[in-house]
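The next block is data18.cif, given as mmCIF, C-alpha atoms (C1' of nucleotides).
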```
data_final
loop_
_atom_site.label_atom_id
_atom_site.label_comp_id
_atom_site.auth_asym_id
_atom_site.auth_seq_id
_atom_site.Cartn_x
_atom_site.Cartn_y
_atom_site.Cartn_z
CA MET A 1 -20.61 -13.04 -8.88
CA TYR A 2 -17.34 -12.51 -7.09
CA THR A 3 -16.01 -12.66 -3.58
CA ARG A 4 -14.65 -9.74 -1.71
CA CYS A 5 -12.56 -9.51 1.37
CA ILE A 6 -12.78 -7.74 4.65
CA ALA A 7 -9.92 -6.28 6.58
CA GLY A 8 -9.00 -7.94 9.79
CA ALA A 9 -11.19 -10.97 9.48
CA ARG A 10 -9.96 -13.50 6.96
CA THR A 11 -13.46 -14.00 5.70
CA TYR A 12 -15.06 -13.31 2.39
CA GLN A 13 -18.49 -13.02 0.97
CA LYS A 14 -20.16 -13.86 -2.26
CA VAL A 15 -21.76 -10.78 -3.70
CA GLY A 16 -23.36 -9.88 -6.96
CA THR A 17 -23.10 -6.14 -6.68
CA MET A 18 -20.29 -3.70 -6.21
CA ILE A 19 -20.00 -0.69 -3.97
CA THR A 20 -21.55 2.38 -5.53
CA LEU A 21 -20.42 5.83 -4.46
CA ASN A 22 -20.91 9.05 -6.38
CA ASP A 23 -21.84 7.24 -9.59
CA LYS A 24 -18.68 5.16 -9.51
CA THR A 25 -18.43 1.50 -8.66
CA TYR A 26 -15.80 -0.16 -6.55
CA THR A 27 -15.05 -3.80 -5.94
CA CYS A 28 -13.90 -3.50 -2.34
CA PRO A 29 -12.70 -1.01 0.29
CA VAL A 30 -9.17 -1.22 -1.07
CA ASP A 31 -10.55 -0.10 -4.40
CA VAL A 32 -12.35 2.78 -2.69
CA THR A 33 -9.15 4.04 -1.11
CA LEU A 34 -7.30 3.64 -4.40
CA GLY A 35 -9.90 5.90 -5.95
CA PHE A 36 -8.48 8.69 -3.81
CA ILE A 37 -4.77 7.97 -3.82
CA GLY A 38 -4.39 5.88 -6.97
CA GLY A 39 -3.52 8.73 -9.31
CA LYS A 40 -0.07 8.72 -10.82
CA TRP A 41 1.38 11.49 -8.67
CA LYS A 42 -1.04 11.60 -5.75
CA LEU A 43 0.83 9.60 -3.15
CA LEU A 44 4.01 11.52 -3.92
CA ILE A 45 2.20 14.84 -3.54
CA LEU A 46 0.49 13.76 -0.33
CA SER A 47 3.62 12.38 1.28
CA HIS A 48 5.52 15.50 0.27
CA LEU A 49 2.93 17.59 2.08
CA HIS A 50 3.07 15.18 4.99
CA TRP A 51 6.73 16.00 5.57
CA GLN A 52 6.83 19.58 4.38
CA GLU A 53 3.55 20.41 6.11
CA GLN A 54 2.89 23.10 3.54
CA SER A 55 4.21 23.84 0.11
CA SER A 56 3.82 26.21 -2.79
CA TYR A 57 2.98 25.14 -6.32
CA ALA A 58 6.53 25.84 -7.43
CA LYS A 59 8.04 23.89 -4.57
CA LEU A 60 5.84 20.92 -5.29
CA LYS A 61 6.90 21.00 -8.91
CA GLU A 62 10.55 21.19 -7.92
CA ASN A 63 10.17 18.16 -5.69
CA LEU A 64 8.39 16.01 -8.22
CA PRO A 65 10.98 15.63 -10.96
CA GLY A 66 9.29 14.68 -14.18
CA VAL A 67 5.81 15.95 -13.46
CA SER A 68 4.27 18.20 -16.09
CA GLU A 69 2.38 21.36 -15.16
CA LYS A 70 -0.75 19.79 -16.56
CA MET A 71 -0.52 16.70 -14.43
CA LEU A 72 0.46 18.55 -11.29
CA SER A 73 -2.44 20.97 -11.41
CA GLN A 74 -4.82 18.20 -12.43
CA GLN A 75 -3.83 15.95 -9.55
CA LEU A 76 -3.87 18.86 -7.09
CA LYS A 77 -7.35 19.76 -8.25
CA GLU A 78 -8.59 16.22 -7.72
CA LEU A 79 -6.99 15.98 -4.30
CA GLU A 80 -8.60 19.26 -3.35
CA ARG A 81 -11.98 18.14 -4.71
CA ASP A 82 -11.68 14.92 -2.69
CA LEU A 83 -10.89 17.01 0.40
CA LEU A 84 -7.51 15.42 1.01
CA ILE A 85 -5.63 18.69 0.68
CA THR A 86 -6.38 22.32 1.35
CA LYS A 87 -5.34 25.28 -0.77
CA THR A 88 -4.85 28.61 0.92
CA MET A 89 -4.25 31.92 -0.77
CA LEU A 90 -1.43 33.64 1.04
CA SER A 91 -1.54 36.90 -0.88
CA ARG A 92 -3.33 38.20 -3.92
CA LYS A 93 -0.62 40.48 -5.21
CA PRO A 94 1.88 39.00 -5.67
CA TYR A 95 -0.14 35.82 -6.08
CA ARG A 96 0.96 33.23 -3.51
CA VAL A 97 -0.75 29.99 -2.47
CA SER A 98 -0.03 27.24 -0.03
CA TYR A 99 -1.04 23.60 -0.19
CA SER A 100 -1.32 21.43 2.89
CA LEU A 101 -2.97 18.25 4.08
CA SER A 102 -6.53 18.45 5.34
CA ALA A 103 -7.69 16.40 8.32
CA GLU A 104 -8.74 13.71 5.86
CA GLY A 105 -5.36 13.84 4.18
CA LYS A 106 -3.63 13.60 7.55
CA SER A 107 -5.65 10.52 8.38
CA LEU A 108 -3.55 8.74 5.77
CA ALA A 109 -0.35 9.57 7.64
CA PRO A 110 0.38 5.96 8.64
CA LEU A 111 0.29 5.14 4.94
CA TYR A 112 2.89 7.76 4.02
CA GLU A 113 5.14 6.63 6.83
CA PHE A 114 4.81 2.95 6.00
CA VAL A 115 5.31 3.31 2.27
CA SER A 116 8.39 5.46 2.84
CA SER A 117 9.84 3.16 5.50
CA TRP A 118 9.28 0.15 3.29
CA GLY A 119 11.16 1.90 0.50
CA VAL A 120 14.03 2.79 2.80
CA ARG A 121 14.20 -0.78 4.07
CA TYR A 122 14.16 -2.14 0.54
CA LEU A 123 16.95 0.18 -0.54
CA LYS A 124 19.03 -0.81 2.46
CA GLN A 125 18.46 -4.46 1.60
CA GLN A 126 19.83 -3.65 -1.86
CA GLY A 127 22.91 -2.07 -0.34
CA ILE A 128 21.72 1.51 -0.76
CA ASP A 129 21.68 3.44 2.47
CA TYR A 130 19.32 6.30 1.88
CA ILE A 131 19.91 8.04 5.17
CA GLN A 132 23.64 7.58 5.44
CA ASP A 133 25.87 10.63 5.10
CA GLN A 134 23.05 12.89 4.04
CA GLN A 135 23.16 16.55 4.79
CA LEU A 136 19.99 17.35 6.62
CA TYR A 137 18.20 20.67 6.89
CA LYS A 138 15.57 21.54 9.41
CA MET B 1 18.09 20.47 -7.63
CA TYR B 2 15.22 19.33 -5.50
CA THR B 3 14.56 18.39 -1.92
CA ARG B 4 13.46 15.01 -0.77
CA CYS B 5 11.96 13.84 2.43
CA ILE B 6 12.78 11.23 4.97
CA ALA B 7 10.29 9.10 6.84
CA GLY B 8 10.02 9.65 10.53
CA ALA B 9 12.17 12.71 10.78
CA ARG B 10 10.53 15.84 9.45
CA THR B 11 13.70 16.84 7.74
CA TYR B 12 14.67 17.17 4.14
CA GLN B 13 17.75 17.41 2.06
CA LYS B 14 18.84 19.20 -1.02
CA VAL B 15 20.06 16.74 -3.59
CA GLY B 16 20.98 16.90 -7.21
CA THR B 17 20.67 13.23 -8.02
CA MET B 18 17.95 10.67 -7.76
CA ILE B 19 18.02 7.12 -6.47
CA THR B 20 19.15 4.67 -9.11
CA LEU B 21 18.15 1.03 -8.90
CA ASN B 22 18.18 -1.48 -11.72
CA ASP B 23 18.53 1.22 -14.38
CA LYS B 24 15.49 3.08 -13.11
CA THR B 25 15.52 6.33 -11.20
CA TYR B 26 13.38 7.24 -8.24
CA THR B 27 12.87 10.52 -6.47
CA CYS B 28 12.41 9.15 -2.96
CA PRO B 29 11.65 5.98 -1.01
CA VAL B 30 7.93 6.48 -1.55
CA ASP B 31 8.64 6.41 -5.26
CA VAL B 32 10.64 3.22 -4.84
CA THR B 33 7.75 1.46 -3.13
CA LEU B 34 5.33 2.75 -5.75
CA GLY B 35 7.53 1.11 -8.35
CA PHE B 36 6.46 -2.21 -6.89
CA ILE B 37 2.83 -1.63 -5.99
CA GLY B 38 1.94 1.28 -8.27
CA GLY B 39 0.52 -0.77 -11.13
CA LYS B 40 -3.14 -0.42 -11.87
CA TRP B 41 -4.23 -3.77 -10.40
CA LYS B 42 -1.30 -4.64 -8.18
CA LEU B 43 -2.59 -3.54 -4.81
CA LEU B 44 -5.91 -5.24 -5.50
CA ILE B 45 -4.15 -8.47 -6.44
CA LEU B 46 -1.85 -8.33 -3.44
CA SER B 47 -4.58 -7.56 -0.94
CA HIS B 48 -6.73 -10.28 -2.43
CA LEU B 49 -3.91 -12.76 -1.84
CA HIS B 50 -3.43 -11.30 1.62
CA TRP B 51 -6.94 -12.35 2.61
CA GLN B 52 -7.37 -15.43 0.48
CA GLU B 53 -3.84 -16.65 1.24
CA GLN B 54 -3.76 -18.46 -2.08
CA SER B 55 -5.72 -18.17 -5.26
CA SER B 56 -5.95 -19.59 -8.74
CA TYR B 57 -5.76 -17.51 -11.88
CA ALA B 58 -9.47 -17.95 -12.47
CA LYS B 59 -10.37 -16.97 -8.93
CA LEU B 60 -8.23 -13.85 -9.16
CA LYS B 61 -9.96 -12.92 -12.37
CA GLU B 62 -13.36 -13.47 -10.82
CA ASN B 63 -12.47 -11.24 -7.93
CA LEU B 64 -11.13 -8.37 -10.00
CA PRO B 65 -14.19 -7.30 -11.98
CA GLY B 66 -13.12 -5.40 -15.05
CA VAL B 67 -9.61 -6.74 -15.39
CA SER B 68 -8.64 -8.07 -18.80
CA GLU B 69 -6.70 -11.29 -19.19
CA LYS B 70 -3.85 -9.34 -20.64
CA MET B 71 -3.58 -6.96 -17.70
CA LEU B 72 -4.01 -9.69 -15.11
CA SER B 73 -1.26 -11.89 -16.48
CA GLN B 74 0.97 -8.89 -17.06
CA GLN B 75 0.60 -7.61 -13.52
CA LEU B 76 1.01 -11.10 -12.08
CA LYS B 77 4.19 -11.54 -14.07
CA GLU B 78 5.61 -8.26 -12.79
CA LEU B 79 4.69 -9.08 -9.20
CA GLU B 80 6.36 -12.46 -9.58
CA ARG B 81 9.45 -10.90 -11.15
CA ASP B 82 9.63 -8.43 -8.27
CA LEU B 83 9.38 -11.34 -5.84
CA LEU B 84 6.22 -10.09 -4.17
CA ILE B 85 4.20 -13.16 -5.07
CA THR B 86 4.96 -16.81 -5.66
CA LYS B 87 3.46 -19.04 -8.30
CA THR B 88 3.19 -22.73 -7.61
CA MET B 89 2.16 -25.41 -10.05
CA LEU B 90 -0.31 -27.67 -8.31
CA SER B 91 -0.66 -30.22 -11.08
CA ARG B 92 0.48 -30.51 -14.64
CA LYS B 93 -2.50 -32.37 -16.00
CA PRO B 94 -4.99 -30.91 -15.53
CA TYR B 95 -2.98 -27.70 -15.36
CA ARG B 96 -3.49 -26.00 -12.01
CA VAL B 97 -1.53 -23.19 -10.41
CA SER B 98 -1.68 -21.26 -7.19
CA TYR B 99 -0.62 -17.72 -6.46
CA SER B 100 0.30 -16.54 -2.99
CA LEU B 101 2.24 -13.80 -1.27
CA SER B 102 5.97 -14.26 -0.81
CA ALA B 103 7.72 -13.15 2.37
CA GLU B 104 8.36 -9.82 0.66
CA GLY B 105 4.72 -9.54 -0.32
CA LYS B 106 3.67 -10.36 3.22
CA SER B 107 5.90 -7.60 4.54
CA LEU B 108 3.41 -5.19 3.00
CA ALA B 109 0.58 -6.63 5.13
CA PRO B 110 0.16 -3.47 7.25
CA LEU B 111 -0.42 -1.62 4.00
CA TYR B 112 -3.21 -3.93 2.85
CA GLU B 113 -4.86 -3.72 6.23
CA PHE B 114 -4.59 0.04 6.47
CA VAL B 115 -5.78 0.77 2.96
CA SER B 116 -8.77 -1.53 3.44
CA SER B 117 -9.62 -0.15 6.87
CA TRP B 118 -9.40 3.38 5.57
CA GLY B 119 -11.82 2.47 2.79
CA VAL B 120 -14.24 0.87 5.24
CA ARG B 121 -14.06 3.90 7.49
CA TYR B 122 -14.65 6.24 4.57
CA LEU B 123 -17.66 4.24 3.40
CA LYS B 124 -19.11 4.27 6.89
CA GLN B 125 -18.61 8.02 7.02
CA GLN B 126 -20.63 8.21 3.81
CA GLY B 127 -23.41 6.18 5.34
CA ILE B 128 -22.41 2.92 3.69
CA ASP B 129 -21.81 0.13 6.17
CA TYR B 130 -19.71 -2.36 4.34
CA ILE B 131 -19.68 -5.02 7.04
CA GLN B 132 -23.28 -4.75 8.17
CA ASP B 133 -25.65 -7.63 7.41
CA GLN B 134 -23.18 -9.39 5.20
CA GLN B 135 -23.26 -13.12 4.87
CA LEU B 136 -19.79 -14.31 5.72
CA TYR B 137 -18.11 -17.52 4.65
CA LYS B 138 -15.06 -19.01 6.24
"C1'" DC C 1 4.16 32.91 -9.07
"C1'" DA C 2 0.46 29.97 -10.23
"C1'" DG C 3 -1.61 28.26 -13.09
"C1'" DT C 4 -4.83 27.36 -17.96
"C1'" DA C 5 -5.42 26.06 -22.87
"C1'" DT C 6 -4.28 23.63 -26.86
"C1'" DC C 7 -2.26 20.40 -29.67
"C1'" DC C 8 -0.44 16.07 -30.47
"C1'" DT C 9 1.77 11.72 -29.60
"C1'" DT C 10 2.28 7.22 -27.52
"C1'" DA C 11 1.61 3.54 -24.91
"C1'" DG C 12 -1.69 1.57 -21.86
"C1'" DC C 13 -5.29 -1.07 -22.30
"C1'" DG C 14 -9.39 -3.74 -24.05
"C1'" DA C 15 -11.22 -7.12 -27.26
"C1'" DT C 16 -10.65 -11.04 -29.61
"C1'" DA C 17 -8.71 -15.18 -31.10
"C1'" DC C 18 -5.71 -18.82 -30.26
"C1'" DT C 19 -2.59 -22.48 -27.49
"C1'" DG C 20 -0.80 -26.14 -24.26
"C1'" DC D 1 -7.66 -24.19 -16.59
"C1'" DA D 2 -4.17 -20.92 -17.47
"C1'" DG D 3 -2.60 -18.42 -20.04
"C1'" DT D 4 -0.20 -15.95 -24.92
"C1'" DA D 5 -0.47 -13.17 -29.27
"C1'" DT D 6 -2.14 -9.71 -32.13
"C1'" DC D 7 -4.68 -5.74 -33.43
"C1'" DG D 8 -6.51 -1.41 -32.84
"C1'" DC D 9 -8.17 2.47 -30.31
"C1'" DT D 10 -8.64 6.04 -26.96
"C1'" DA D 11 -7.54 8.56 -23.29
"C1'" DA D 12 -3.57 9.66 -20.46
"C1'" DG D 13 -0.05 12.45 -20.54
"C1'" DG D 14 3.93 15.58 -22.52
"C1'" DA D 15 5.29 19.97 -24.79
"C1'" DT D 16 4.47 24.42 -25.65
"C1'" DA D 17 2.40 28.77 -25.48
"C1'" DC D 18 -0.32 31.87 -23.09
"C1'" DT D 19 -2.82 34.44 -18.85
"C1'" DG D 20 -4.01 36.87 -14.37
#
```
Please re-express this file's structure in structure tokens.
Amino acid sequence: MYTRCIAGARTYQKVGTMITLNDKTYTCPVDVTLGFIGGKWKLLILSHLHWQEQSSYAKLKENLPGVSEKMLSQQLKELERDLLITKTMLSRKPYRVSYSLSAEGKSLAPLYEFVSSWGVRYLKQQGIDYIQDQQLYK
Amino acid sequence: MYTRCIAGARTYQKVGTMITLNDKTYTCPVDVTLGFIGGKWKLLILSHLHWQEQSSYAKLKENLPGVSEKMLSQQLKELERDLLITKTMLSRKPYRVSYSLSAEGKSLAPLYEFVSSWGVRYLKQQGIDYIQDQQLYK
DNA sequence: CAGTATCCTTAGCGATACTG
DNA sequence: CAGTATCGCTAAGGATACTG
């Protein structure tokens, strides 16, 4: 028996069961969302696609320093399965693909923006100005 | 050499170095934020405190089905070290403590709300009405 | 380019027992 | 109640080689 919370209203409920969805159980809506974006590299991939709009596999890899091929393709596959991103084949020969956010993935846009802004604010608070004197490209 | 993105503006920059903060390196502001909330149970703990306002160790444990004592105290310790939560001793004998969000932890409130709302919306879309016919307690 | 397959290590994590 | 300490395992993840 545990309590779980509801967004907006500061109320809670005593419940004995958890949320069941596709043979998995979740404790609360936050847990549900984490099931989609909780993977080690997922939020970085999604936010990258949020700003780049579309990206190749190689470009994603370049922009995620430290990710292994295994992890990148695994996380991409899960994101695609969960319908957060869309993979498009640009050409068969030479083989070119493009990843981009799906409508569902775009619905998380406020999250990408907030998480990034919070990071920028934190850095500034620590005396690191992330934006300052940066050379920007369109 | 990789590119990194900036919130708000859909621009990016070519950089050779990463962000360094307290001997750790980050690829972008999103990564920085994830350093604080990326732990396995952290967002669940934080959002629990967001709605409960304050909670004991036992109550936290009760509301995080599946968490081990080790993980709970480890994550709590990290959150406290990172100044996202505050621990208060209510009484020494019997020993009682209370965890709550710090100002820094509260600054992530839009995140808790959004992540929860997104989960609720997703569940509804799947035919699961999380709020419906629930017995609520104040 | 865009991955997959395999091997292998390590550290994240759970279970249990113990403490103030 | 509110934790800490220790042990041991397993699955996450890295490195490398290979494929269409």
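If you apply the PyMOL selection byres ((chain C and resi 11) around 12) to this structure, you end up with DT9, DT10, DG12 and DC13 of chain C; DC9, DT10, DA11, DA12 and DG13 of chain D.
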Using only C-alpha atoms (C1' of nucleotides) and a distance of at most 10 Å, pull out the residues of chain D that contact chain B, as a PDB file with C-alpha atoms (C1' of nucleotides), in the coordinates of the input.
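Generated output (result00.pdb):
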```pdb
ATOM      1  C1'  DC D   1      -7.660 -24.190 -16.590  1.00  0.00           C
ATOM      2  C1'  DA D   2      -4.170 -20.920 -17.470  1.00  0.00           C
ATOM      3  C1'  DG D   3      -2.600 -18.420 -20.040  1.00  0.00           C
ATOM      4  C1'  DT D   4      -0.200 -15.950 -24.920  1.00  0.00           C
TER       5       DT D   4
END
```
Seminar exercise, completed: What separates CA of Phe114 in chain B and CA of Ser47 in chain B is a distance of 10.6 Å
For this session: Pull out every residue of chain C sitting within 12 Å of chain A, counting all atoms listed in the file, and send them as a ChimeraX atom specification.
Result: /C:1-6
Exercise. Do you know which residues are at most 10 Å from DC7 in chain D counting all atoms listed in the file, after dropping those on the same chain fewer than 2 positions away, and could you put them as a PyMOL selection string?
Worked result: (chain C and resi 15-16) or (chain D and resi 5+9)
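The coordinates place CA of Lys24 in chain B at 20.2 Å from CA of Ile45 in chain A.
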Problem set entry | Hits from the PyMOL selection byres ((chain B and resi 41) around 12), listed as a ChimeraX atom specification | /A:27,30-31,34,38 /B:36-40,42-48,60-61,63-76,78-79
For range 56-67 of chain B, where the input has fewer atoms than it should, I would like all heavy atoms rebuilt and written as an mmCIF file, in the frame of the given file.
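Output (selection-v9.cif):
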```cif
data_model
loop_
_atom_site.group_PDB
_atom_site.id
_atom_site.type_symbol
_atom_site.label_atom_id
_atom_site.label_comp_id
_atom_site.auth_asym_id
_atom_site.auth_seq_id
_atom_site.Cartn_x
_atom_site.Cartn_y
_atom_site.Cartn_z
ATOM 1 N N SER B 56 -6.225 -19.178 -7.372
ATOM 2 C CA SER B 56 -5.950 -19.590 -8.740
ATOM 3 C C SER B 56 -6.078 -18.383 -9.669
ATOM 4 O O SER B 56 -6.582 -17.330 -9.268
ATOM 5 C CB SER B 56 -6.945 -20.663 -9.172
ATOM 6 O OG SER B 56 -8.245 -20.108 -9.218
ATOM 7 N N TYR B 57 -5.643 -18.569 -10.892
ATOM 8 C CA TYR B 57 -5.760 -17.510 -11.880
ATOM 9 C C TYR B 57 -7.230 -17.148 -12.106
ATOM 10 O O TYR B 57 -7.609 -15.975 -12.116
ATOM 11 C CB TYR B 57 -5.127 -17.986 -13.193
ATOM 12 C CG TYR B 57 -5.166 -16.997 -14.317
ATOM 13 C CD1 TYR B 57 -4.170 -16.043 -14.464
ATOM 14 C CD2 TYR B 57 -6.187 -17.027 -15.261
ATOM 15 C CE1 TYR B 57 -4.200 -15.142 -15.511
ATOM 16 C CE2 TYR B 57 -6.226 -16.128 -16.310
ATOM 17 C CZ TYR B 57 -5.230 -15.194 -16.434
ATOM 18 O OH TYR B 57 -5.269 -14.299 -17.469
ATOM 19 N N ALA B 58 -8.051 -18.174 -12.216
ATOM 20 C CA ALA B 58 -9.470 -17.950 -12.470
ATOM 21 C C ALA B 58 -10.152 -17.225 -11.317
ATOM 22 O O ALA B 58 -10.983 -16.334 -11.519
ATOM 23 C CB ALA B 58 -10.163 -19.286 -12.723
ATOM 24 N N LYS B 59 -9.763 -17.589 -10.107
ATOM 25 C CA LYS B 59 -10.370 -16.970 -8.930
ATOM 26 C C LYS B 59 -9.958 -15.500 -8.833
ATOM 27 O O LYS B 59 -10.767 -14.636 -8.488
ATOM 28 C CB LYS B 59 -9.941 -17.729 -7.670
ATOM 29 C CG LYS B 59 -10.794 -17.411 -6.470
ATOM 30 C CD LYS B 59 -10.541 -18.405 -5.332
ATOM 31 C CE LYS B 59 -11.479 -18.130 -4.162
ATOM 32 N NZ LYS B 59 -11.229 -19.041 -3.027
ATOM 33 N N LEU B 60 -8.702 -15.229 -9.150
ATOM 34 C CA LEU B 60 -8.230 -13.850 -9.160
ATOM 35 C C LEU B 60 -9.048 -13.033 -10.161
ATOM 36 O O LEU B 60 -9.503 -11.934 -9.857
ATOM 37 C CB LEU B 60 -6.748 -13.800 -9.548
ATOM 38 C CG LEU B 60 -5.751 -13.948 -8.408
ATOM 39 C CD1 LEU B 60 -4.375 -14.278 -8.944
ATOM 40 C CD2 LEU B 60 -5.709 -12.658 -7.597
ATOM 41 N N LYS B 61 -9.226 -13.612 -11.320
ATOM 42 C CA LYS B 61 -9.960 -12.920 -12.370
ATOM 43 C C LYS B 61 -11.399 -12.640 -11.937
ATOM 44 O O LYS B 61 -11.934 -11.557 -12.155
ATOM 45 C CB LYS B 61 -9.947 -13.789 -13.634
ATOM 46 C CG LYS B 61 -10.343 -13.059 -14.888
ATOM 47 C CD LYS B 61 -10.291 -14.003 -16.067
ATOM 48 C CE LYS B 61 -11.299 -13.571 -17.111
ATOM 49 N NZ LYS B 61 -11.513 -14.625 -18.120
ATOM 50 N N GLU B 62 -11.986 -13.605 -11.289
ATOM 51 C CA GLU B 62 -13.360 -13.470 -10.820
ATOM 52 C C GLU B 62 -13.485 -12.363 -9.780
ATOM 53 O O GLU B 62 -14.503 -11.677 -9.695
ATOM 54 C CB GLU B 62 -13.796 -14.819 -10.227
ATOM 55 C CG GLU B 62 -15.234 -14.893 -9.768
ATOM 56 C CD GLU B 62 -15.492 -16.178 -8.980
ATOM 57 O OE1 GLU B 62 -14.795 -17.196 -9.236
ATOM 58 O OE2 GLU B 62 -16.365 -16.148 -8.093
ATOM 59 N N ASN B 63 -12.416 -12.198 -9.016
ATOM 60 C CA ASN B 63 -12.470 -11.240 -7.930
ATOM 61 C C ASN B 63 -11.967 -9.855 -8.288
ATOM 62 O O ASN B 63 -11.909 -8.967 -7.443
ATOM 63 C CB ASN B 63 -11.694 -11.777 -6.732
ATOM 64 C CG ASN B 63 -12.502 -12.818 -5.990
ATOM 65 O OD1 ASN B 63 -13.277 -12.479 -5.120
ATOM 66 N ND2 ASN B 63 -12.361 -14.083 -6.376
ATOM 67 N N LEU B 64 -11.561 -9.688 -9.531
ATOM 68 C CA LEU B 64 -11.130 -8.370 -10.000
ATOM 69 C C LEU B 64 -12.017 -7.977 -11.178
ATOM 70 O O LEU B 64 -11.570 -8.001 -12.322
ATOM 71 C CB LEU B 64 -9.668 -8.410 -10.424
ATOM 72 C CG LEU B 64 -8.649 -8.732 -9.342
ATOM 73 C CD1 LEU B 64 -7.262 -8.828 -9.947
ATOM 74 C CD2 LEU B 64 -8.680 -7.675 -8.250
ATOM 75 N N PRO B 65 -13.264 -7.636 -10.893
ATOM 76 C CA PRO B 65 -14.190 -7.300 -11.980
ATOM 77 C C PRO B 65 -13.624 -6.197 -12.860
ATOM 78 O O PRO B 65 -13.180 -5.178 -12.352
ATOM 79 C CB PRO B 65 -15.442 -6.820 -11.243
ATOM 80 C CG PRO B 65 -15.333 -7.383 -9.878
ATOM 81 C CD PRO B 65 -13.878 -7.443 -9.581
ATOM 82 N N GLY B 66 -13.595 -6.423 -14.134
ATOM 83 C CA GLY B 66 -13.120 -5.400 -15.050
ATOM 84 C C GLY B 66 -11.715 -5.620 -15.561
ATOM 85 O O GLY B 66 -11.308 -4.987 -16.525
ATOM 86 N N VAL B 67 -10.977 -6.519 -14.928
ATOM 87 C CA VAL B 67 -9.610 -6.740 -15.390
ATOM 88 C C VAL B 67 -9.632 -7.589 -16.653
ATOM 89 O O VAL B 67 -10.452 -8.499 -16.792
ATOM 90 C CB VAL B 67 -8.755 -7.422 -14.296
ATOM 91 C CG1 VAL B 67 -9.106 -8.892 -14.157
ATOM 92 C CG2 VAL B 67 -7.272 -7.268 -14.597
#
```
